[in-house]
Structures are given as C-alpha cells and as structure tokens.
Amino acid sequence: MAWFILLLAGICEIGFTTCLKLSKNFSDWRWSLGFFVCISLSFFLLNKSIQSIPMGTAYAVWTGIGAVGTVIVGIILYDEPTDILRMLFLCLLVGSIIGLKLVS
C-alpha cells in the first residue's frame, strides 16, 4: 500500500509542476489553486509513504516519478524536444526508479 501511496504522491508532483507552468507566475488563480492543492497532497502522501518505505528510497522514487511525468507532459503539451539522448536518459531514470523498487 505504501508504494501505491508513493505513486499517487508522484502523480500529484506532476500535477503541481504542470499547474505551476499554467498559473503564469501565479497570476491565474485557478491554476495557482491547483498548484497549492497538488503540492499539499503530494507532500502529505510522501509523508505517509515514508512511514513504511525508507526515506531516501521514497524521496528518490517520488522525485523520479515527478521528473519523468513532467517531461512527458512537456513533450505532449508543450512540444518539448524528444531527441535520442533526452529519451535515453529518461529511460535510465525510469530504470532507476524500477531498480529502487526491486531492491527495497
């Protein structure tokens, strides 16, 4: 269950980074509210997950989920580059997240 909670925390991290961009420097109150809701949920869920998962592992996985998800959002919504090296390192990051799960 702790891993599922950590996954939700990572998804909320993707939400708060996306809302941060869409808030236009916090000038759009709806996206700003979304940012604060997502970041609060993300940290709350991260805190819950570290009750069972080692803190360093949970933090690395949480950050990795957020990073990978945010890159994917950037590629889909903002036409960010998908060159071979960027995709290679993204795959390495996903592999690292899976590896941390397997050894924990």
# chains A, B, ... in the order shown; residues from 1 in each chain; ligands from 1
$ select_by_dssp --residues "range 7-101 of chain A" --states "helix (DSSP H, G or I)" --output "ChimeraX atom specification"
/A:7-22,29-49,55-78,84-101
$ residues_around --residues "Leu20 in chain A" --least-positions-apart "3" --cutoff "9 Å" --atoms "only C-alpha atoms" --output "PyMOL selection string"
chain A and resi 15-17+23-26+31-32+34-35
$ atom_distance --atom1 "CA of Val73 in chain A" --atom2 "CA of Leu7 in chain A"
16.5 Å
$ residues_around --residues "Val68 in chain A" --least-positions-apart "2" --cutoff "8 Å" --atoms "only C-alpha atoms" --output "mmCIF file with all heavy atoms, in the first residue's frame"
data_model
loop_
_atom_site.group_PDB
_atom_site.id
_atom_site.type_symbol
_atom_site.label_atom_id
_atom_site.label_comp_id
_atom_site.auth_asym_id
_atom_site.auth_seq_id
_atom_site.Cartn_x
_atom_site.Cartn_y
_atom_site.Cartn_z
ATOM 1 N N GLY A 64 11.729 11.010 -9.021
ATOM 2 C CA GLY A 64 11.835 10.408 -10.344
ATOM 3 C C GLY A 64 10.501 10.343 -11.063
ATOM 4 O O GLY A 64 10.407 10.654 -12.254
ATOM 5 N N ILE A 65 9.451 9.939 -10.345
ATOM 6 C CA ILE A 65 8.111 9.903 -10.951
ATOM 7 C C ILE A 65 7.723 11.301 -11.417
ATOM 8 O O ILE A 65 7.227 11.490 -12.530
ATOM 9 C CB ILE A 65 7.066 9.347 -9.960
ATOM 10 C CG1 ILE A 65 7.305 7.867 -9.692
ATOM 11 C CG2 ILE A 65 5.638 9.567 -10.490
ATOM 12 C CD1 ILE A 65 6.506 7.309 -8.522
ATOM 13 N N GLY A 66 7.964 12.280 -10.561
ATOM 14 C CA GLY A 66 7.638 13.661 -10.925
ATOM 15 C C GLY A 66 8.428 14.145 -12.128
ATOM 16 O O GLY A 66 7.882 14.791 -13.024
ATOM 17 N N THR A 70 6.702 14.893 -15.630
ATOM 18 C CA THR A 70 6.744 16.284 -16.079
ATOM 19 C C THR A 70 7.377 16.396 -17.462
ATOM 20 O O THR A 70 6.919 17.184 -18.296
ATOM 21 C CB THR A 70 7.490 17.155 -15.046
ATOM 22 O OG1 THR A 70 6.810 17.046 -13.790
ATOM 23 C CG2 THR A 70 7.517 18.607 -15.475
ATOM 24 N N VAL A 71 8.392 15.590 -17.723
ATOM 25 C CA VAL A 71 8.991 15.576 -19.066
ATOM 26 C C VAL A 71 7.958 15.106 -20.092
ATOM 27 O O VAL A 71 7.819 15.704 -21.161
ATOM 28 C CB VAL A 71 10.258 14.690 -19.109
ATOM 29 C CG1 VAL A 71 10.699 14.438 -20.545
ATOM 30 C CG2 VAL A 71 11.382 15.328 -18.317
ATOM 31 N N ILE A 72 7.215 14.069 -19.750
ATOM 32 C CA ILE A 72 6.195 13.558 -20.674
ATOM 33 C C ILE A 72 5.108 14.607 -20.920
ATOM 34 O O ILE A 72 4.690 14.818 -22.065
ATOM 35 C CB ILE A 72 5.602 12.233 -20.150
ATOM 36 C CG1 ILE A 72 6.676 11.138 -20.216
ATOM 37 C CG2 ILE A 72 4.358 11.829 -20.937
ATOM 38 C CD1 ILE A 72 6.309 9.850 -19.490
ATOM 39 N N LEU A 90 15.926 9.619 -20.002
ATOM 40 C CA LEU A 90 14.601 9.421 -19.411
ATOM 41 C C LEU A 90 14.381 7.931 -19.125
ATOM 42 O O LEU A 90 13.897 7.565 -18.054
ATOM 43 C CB LEU A 90 13.523 9.964 -20.355
ATOM 44 C CG LEU A 90 12.119 10.086 -19.795
ATOM 45 C CD1 LEU A 90 12.081 11.045 -18.621
ATOM 46 C CD2 LEU A 90 11.174 10.566 -20.886
ATOM 47 N N LEU A 93 16.326 6.934 -16.113
ATOM 48 C CA LEU A 93 15.645 7.376 -14.898
ATOM 49 C C LEU A 93 14.524 6.409 -14.524
ATOM 50 O O LEU A 93 14.388 6.015 -13.367
ATOM 51 C CB LEU A 93 15.103 8.792 -15.085
ATOM 52 C CG LEU A 93 14.471 9.473 -13.878
ATOM 53 C CD1 LEU A 93 15.402 9.474 -12.680
ATOM 54 C CD2 LEU A 93 14.090 10.903 -14.243
ATOM 55 N N VAL A 94 13.741 5.993 -15.513
ATOM 56 C CA VAL A 94 12.671 5.016 -15.263
ATOM 57 C C VAL A 94 13.282 3.703 -14.757
ATOM 58 O O VAL A 94 12.784 3.101 -13.792
ATOM 59 C CB VAL A 94 11.823 4.777 -16.529
ATOM 60 C CG1 VAL A 94 10.885 3.605 -16.351
ATOM 61 C CG2 VAL A 94 11.050 6.031 -16.890
#
$ closest_atom_pairs --of "range 1-30 of chain A" --to "range 75-83 of chain A" --cutoff "12 Å" --atoms "only C-alpha atoms" --output "CSV"
residue,atom,partner,partner_atom,distance
A:Thr18,CA,A:Leu77,CA,9.8
A:Lys21,CA,A:Tyr78,CA,10.5
A:Leu22,CA,A:Leu77,CA,11.0
$ write_last_selection --atoms "N, CA, C and O atoms" --output "PDB file, in the first residue's frame"
ATOM      1  N   THR A  18       2.900  20.972 -13.409  1.00  0.00           N
ATOM      2  CA  THR A  18       2.096  21.393 -14.560  1.00  0.00           C
ATOM      3  C   THR A  18       1.270  22.625 -14.212  1.00  0.00           C
ATOM      4  O   THR A  18       1.217  23.590 -14.990  1.00  0.00           O
ATOM      5  N   LYS A  21       3.353  25.842 -14.210  1.00  0.00           N
ATOM      6  CA  LYS A  21       3.545  26.440 -15.542  1.00  0.00           C
ATOM      7  C   LYS A  21       2.271  27.149 -15.999  1.00  0.00           C
ATOM      8  O   LYS A  21       2.324  28.270 -16.501  1.00  0.00           O
ATOM      9  N   LEU A  22       1.138  26.498 -15.815  1.00  0.00           N
ATOM     10  CA  LEU A  22      -0.125  27.060 -16.295  1.00  0.00           C
ATOM     11  C   LEU A  22      -0.613  28.253 -15.475  1.00  0.00           C
ATOM     12  O   LEU A  22      -1.443  29.035 -15.944  1.00  0.00           O
TER      13      LEU A  22
END
$ residues_around --residues "Leu8 in chain A" --least-positions-apart "2" --cutoff "10 Å" --atoms "only C-alpha atoms" --output "list in words"
Ala2, Trp3, Phe4, Ile5, Leu6, Gly10, Ile11, Cys12, Glu13, Ile14, Leu41, Ser42, Leu45, Leu46, Ser49, Trp62 and Ile65 of chain A
